[in-house]
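Colleague: Okay, handing you the structure first.
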Amino acid sequence: MLEFGRRRSCRVAVSVPIRVFGTDYRGRDFTEEANTLVVNLHGAKIRMAHQLIPEAEIRLVSHATGRDSVFRVVSKLRSPDLEFTYWGVENLNPNENIWGVEIPALETGDQVKVRVLIECPTCSAREILHVEETPLAAIQEKGGVERTCNACDSTGLWKLVPFHEA
Ligand SMILES: [Zn+2]
């Protein structure tokens with residue numbers, strides 16, 4: 001599975017609303033409102049109903065910032081979803097952060113896993129998890145992680161928090 005290629009910035013699990021402009025396998029232009037699952041400066045993992053073409057270029061507008069960039073489709077990823085397909089896309093102009101999310105510097109462990117910030121629904125205690133991509137997709141579908149809090153001892157669904165203040 002070819003992913004983002006070179007990973008020079010941390011991958012952050014965050015659902016950013018995006019608009020994708022592309023061409024499907026029949027050569028027809030399309031526009032789709034979609035979402036990211038994971039982002040970094042050099043690429044993203046996105047969830048779409050349309051089928052993309054490997055190596056094709058798509059234009060992607062981030063609704064969070066109104067900024068856009070051209071991306072290359074680098075991989076089709078396994079998806080737990082029947083309705084949608086997950087794609088790895090590489091940003092061809094990674095100098096600008098179009099996501100509107102702060103992307104932390106790469107740390108040990110971030111290369112193979114995705115850094116996820118989660119929050120206790122009861123006391124708002126926060127924890128950083130390093131999650132593999134496959135369980136991460138399941139966590140995002142579910143909207144969080146079921147766990148017991150060390151701070152308040154309650155069990156609940158910890159929601160994913162974007163890395164704004166990390
Ligand atoms: Zn708690």
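Residues in the structure tokens are named by chain (A, B, ... in the order shown) and by number from 1 within that chain; ligands are numbered from 1 in the order shown.
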Please return as JSON, numbers by chain the residues found within 8 Å of ligand 1, counting only C-alpha atoms and all ligand atoms.

Modeller: {"A": [120, 121, 122, 123, 124, 125, 148, 149, 150, 151, 152, 153, 154, 155]}

Colleague: Excluding Phe84 (chain A) and its own-chain neighbours fewer than 5 positions away, which residues fall within 10 Å of it when counting only C-alpha atoms? Please give them as a list in words.

Modeller: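 After dropping sequence-adjacent residues, the list is Ala34, Ile46, Arg47, Met48, Ala49, His50, Gln51 and Ser79 of chain A.
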
Colleague: Could those residues be written to a file, using N, CA and C atoms, as a JSON list (two decimals), in the first residue's frame?

Modeller:
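Final output, result_9.json:
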[["chain", "number", "residue", "atom", "x", "y", "z"],
["A", 34, "ALA", "N", -16.95, 16.41, 0.13],
["A", 34, "ALA", "CA", -16.40, 15.22, 0.79],
["A", 34, "ALA", "C", -15.74, 15.63, 2.11],
["A", 46, "ILE", "N", -8.76, 10.90, 2.16],
["A", 46, "ILE", "CA", -10.09, 11.48, 1.99],
["A", 46, "ILE", "C", -11.13, 10.40, 1.73],
["A", 47, "ARG", "N", -12.37, 10.71, 2.04],
["A", 47, "ARG", "CA", -13.47, 9.78, 1.87],
["A", 47, "ARG", "C", -14.41, 10.31, 0.80],
["A", 48, "MET", "N", -14.63, 9.52, -0.24],
["A", 48, "MET", "CA", -15.43, 10.01, -1.36],
["A", 48, "MET", "C", -16.37, 8.96, -1.91],
["A", 49, "ALA", "N", -17.48, 9.42, -2.53],
["A", 49, "ALA", "CA", -18.41, 8.52, -3.21],
["A", 49, "ALA", "C", -17.93, 8.25, -4.64],
["A", 50, "HIS", "N", -17.30, 9.25, -5.29],
["A", 50, "HIS", "CA", -16.80, 9.06, -6.64],
["A", 50, "HIS", "C", -15.55, 8.18, -6.64],
["A", 51, "GLN", "N", -15.36, 7.45, -7.71],
["A", 51, "GLN", "CA", -14.14, 6.70, -7.90],
["A", 51, "GLN", "C", -13.11, 7.61, -8.57],
["A", 79, "SER", "N", -11.43, 0.33, 2.87],
["A", 79, "SER", "CA", -12.44, 1.12, 3.56],
["A", 79, "SER", "C", -13.45, 0.21, 4.25]]

Colleague: Could you tell me which of A:Leu160, A:Leu82, A:Val39, A:Ala13 comes closest to Ile98 (chain A) if we count only C-alpha atoms?

Modeller: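 Answer, going by the shortest atom-to-atom distance: A:Val39.
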
Colleague: Can you tell me which residues surround region 144-146 of chain A at a distance of at most 10 Å, considering only C-alpha atoms, apart from same-chain residues fewer than 4 positions away, and format the answer as a list of chain:residue names?

Modeller: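 Counting only C-alpha atoms, the residues come to A:Ile118, A:Glu119, A:Cys120, A:Leu136, A:Ala138, A:Ile139, A:Gln140, A:Thr155, A:Gly156, A:Leu157, A:Trp158, A:Lys159, A:Leu160, A:Val161.
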
Colleague: Provide the CA of Trp99 (chain A) to CA of Asp24 (chain A) distance in Å, to one decimal place.

Modeller: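 Atom-to-atom, CA of Trp99 (chain A) and CA of Asp24 (chain A) are spaced 24.3 Å apart.
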
Colleague: Given the choices A:Glu57, A:Asp81, A:Asp68, A:Glu127, which gets closest to Lys142 (chain A) if the distance is worked out from only C-alpha atoms?

Modeller: A:Asp81

Colleague: Excluding Pro17 (chain A) and residues on its chain fewer than 4 positions from it, collect all residues at most 8 Å away from it, counting only C-alpha atoms, and give them as JSON, numbers by chain.

Modeller: {"A": [33, 34, 35, 36, 62, 63, 64]}

Colleague: Would you save the residues of that selection, restricted to N, CA and C atoms, as an mmCIF file, in the first residue's frame?

Modeller:
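The result, stored in selection.cif:
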data_model
loop_
_atom_site.group_PDB
_atom_site.id
_atom_site.type_symbol
_atom_site.label_atom_id
_atom_site.label_comp_id
_atom_site.auth_asym_id
_atom_site.auth_seq_id
_atom_site.Cartn_x
_atom_site.Cartn_y
_atom_site.Cartn_z
ATOM 1 N N GLU A 33 -18.823 17.150 -2.591
ATOM 2 C CA GLU A 33 -18.575 17.593 -1.221
ATOM 3 C C GLU A 33 -18.133 16.364 -0.441
ATOM 4 N N ALA A 34 -16.950 16.407 0.135
ATOM 5 C CA ALA A 34 -16.398 15.218 0.791
ATOM 6 C C ALA A 34 -15.745 15.630 2.107
ATOM 7 N N ASN A 35 -15.025 14.699 2.711
ATOM 8 C CA ASN A 35 -14.354 14.973 3.978
ATOM 9 C C ASN A 35 -12.991 14.322 4.007
ATOM 10 N N THR A 36 -12.081 14.923 4.764
ATOM 11 C CA THR A 36 -10.813 14.253 5.022
ATOM 12 C C THR A 36 -10.996 13.336 6.225
ATOM 13 N N SER A 62 -10.491 23.427 0.663
ATOM 14 C CA SER A 62 -10.793 23.216 2.073
ATOM 15 C C SER A 62 -11.807 24.265 2.508
ATOM 16 N N HIS A 63 -12.974 23.801 2.963
ATOM 17 C CA HIS A 63 -13.987 24.764 3.407
ATOM 18 C C HIS A 63 -13.576 25.465 4.700
ATOM 19 N N ALA A 64 -12.660 24.867 5.449
ATOM 20 C CA ALA A 64 -12.203 25.468 6.704
ATOM 21 C C ALA A 64 -11.478 26.792 6.441
#

Colleague: Run DSSP on the backbone and give me the residues of region 9-150 of chain A it puts in helix (DSSP H, G or I), as a list in words.

Modeller: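 Assigned to helix (DSSP H, G or I), within region 9-150 of chain A: Glu133, Thr134, Pro135, Leu136, Ala137, Ala138, Ile139, Gln140, Glu141 and Lys142 of chain A.
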
Colleague: Any idea what the distance is between CA of Ala56 (chain A) and CA of Asn91 (chain A)?

Modeller: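 Here the two named atoms are 12.1 Å from each other.
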
Colleague: Determine which residues of region 29-126 of chain A receive a DSSP assignment of strand (DSSP E or B), computed from the backbone, and state them as a PyMOL selection string.

Modeller: chain A and resi 29-40+43-48+57-62+68-77+85-91+105+114-119+126

Colleague: Could you write out the selected residues, including C-alpha atoms, as a short mmCIF file (atom, residue, chain, number, x, y, z; two decimals), in the first residue's frame?

Modeller:
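Result saved to out_14.cif:
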data_model
loop_
_atom_site.label_atom_id
_atom_site.label_comp_id
_atom_site.auth_asym_id
_atom_site.auth_seq_id
_atom_site.Cartn_x
_atom_site.Cartn_y
_atom_site.Cartn_z
CA ASP A 29 -15.81 16.19 -14.72
CA PHE A 30 -17.41 16.08 -11.31
CA THR A 31 -17.60 18.07 -8.10
CA GLU A 32 -18.17 16.36 -4.78
CA GLU A 33 -18.58 17.59 -1.22
CA ALA A 34 -16.40 15.22 0.79
CA ASN A 35 -14.35 14.97 3.98
CA THR A 36 -10.81 14.25 5.02
CA LEU A 37 -10.05 11.52 7.55
CA VAL A 38 -6.38 12.36 8.08
CA VAL A 39 -4.37 15.36 6.95
CA ASN A 40 -0.79 16.53 6.91
CA GLY A 43 -1.28 14.98 1.72
CA ALA A 44 -4.48 13.60 3.08
CA LYS A 45 -6.65 10.60 3.35
CA ILE A 46 -10.09 11.48 1.99
CA ARG A 47 -13.47 9.78 1.87
CA MET A 48 -15.43 10.01 -1.36
CA GLU A 57 -4.75 15.16 -10.41
CA ILE A 58 -7.67 16.62 -8.51
CA ARG A 59 -8.28 20.08 -7.12
CA LEU A 60 -9.34 20.22 -3.54
CA VAL A 61 -10.83 23.21 -1.72
CA SER A 62 -10.79 23.22 2.07
CA ASP A 68 -7.25 25.14 -2.47
CA SER A 69 -4.44 23.07 -3.90
CA VAL A 70 -3.85 20.44 -6.58
CA PHE A 71 -3.38 16.89 -5.33
CA ARG A 72 -2.31 13.64 -7.02
CA VAL A 73 -4.19 10.43 -6.26
CA VAL A 74 -1.55 8.07 -4.87
CA SER A 75 -3.50 5.19 -3.38
CA LYS A 76 -6.85 3.54 -2.94
CA LEU A 77 -7.20 2.49 0.68
CA THR A 85 -13.98 4.80 -0.97
CA TYR A 86 -10.92 6.09 0.89
CA TRP A 87 -8.07 7.61 -1.10
CA GLY A 88 -4.57 8.75 -0.30
CA VAL A 89 -3.79 12.02 -2.07
CA GLU A 90 -0.52 13.94 -2.24
CA ASN A 91 -0.41 17.74 -2.17
CA ALA A 105 6.13 18.61 13.97
CA VAL A 114 -1.63 8.75 13.38
CA ARG A 115 -1.68 11.11 16.35
CA VAL A 116 -5.15 11.53 17.76
CA LEU A 117 -6.25 13.85 20.56
CA ILE A 118 -9.29 12.63 22.48
CA GLU A 119 -11.35 14.16 25.26
CA ARG A 126 -7.41 14.92 27.28
#
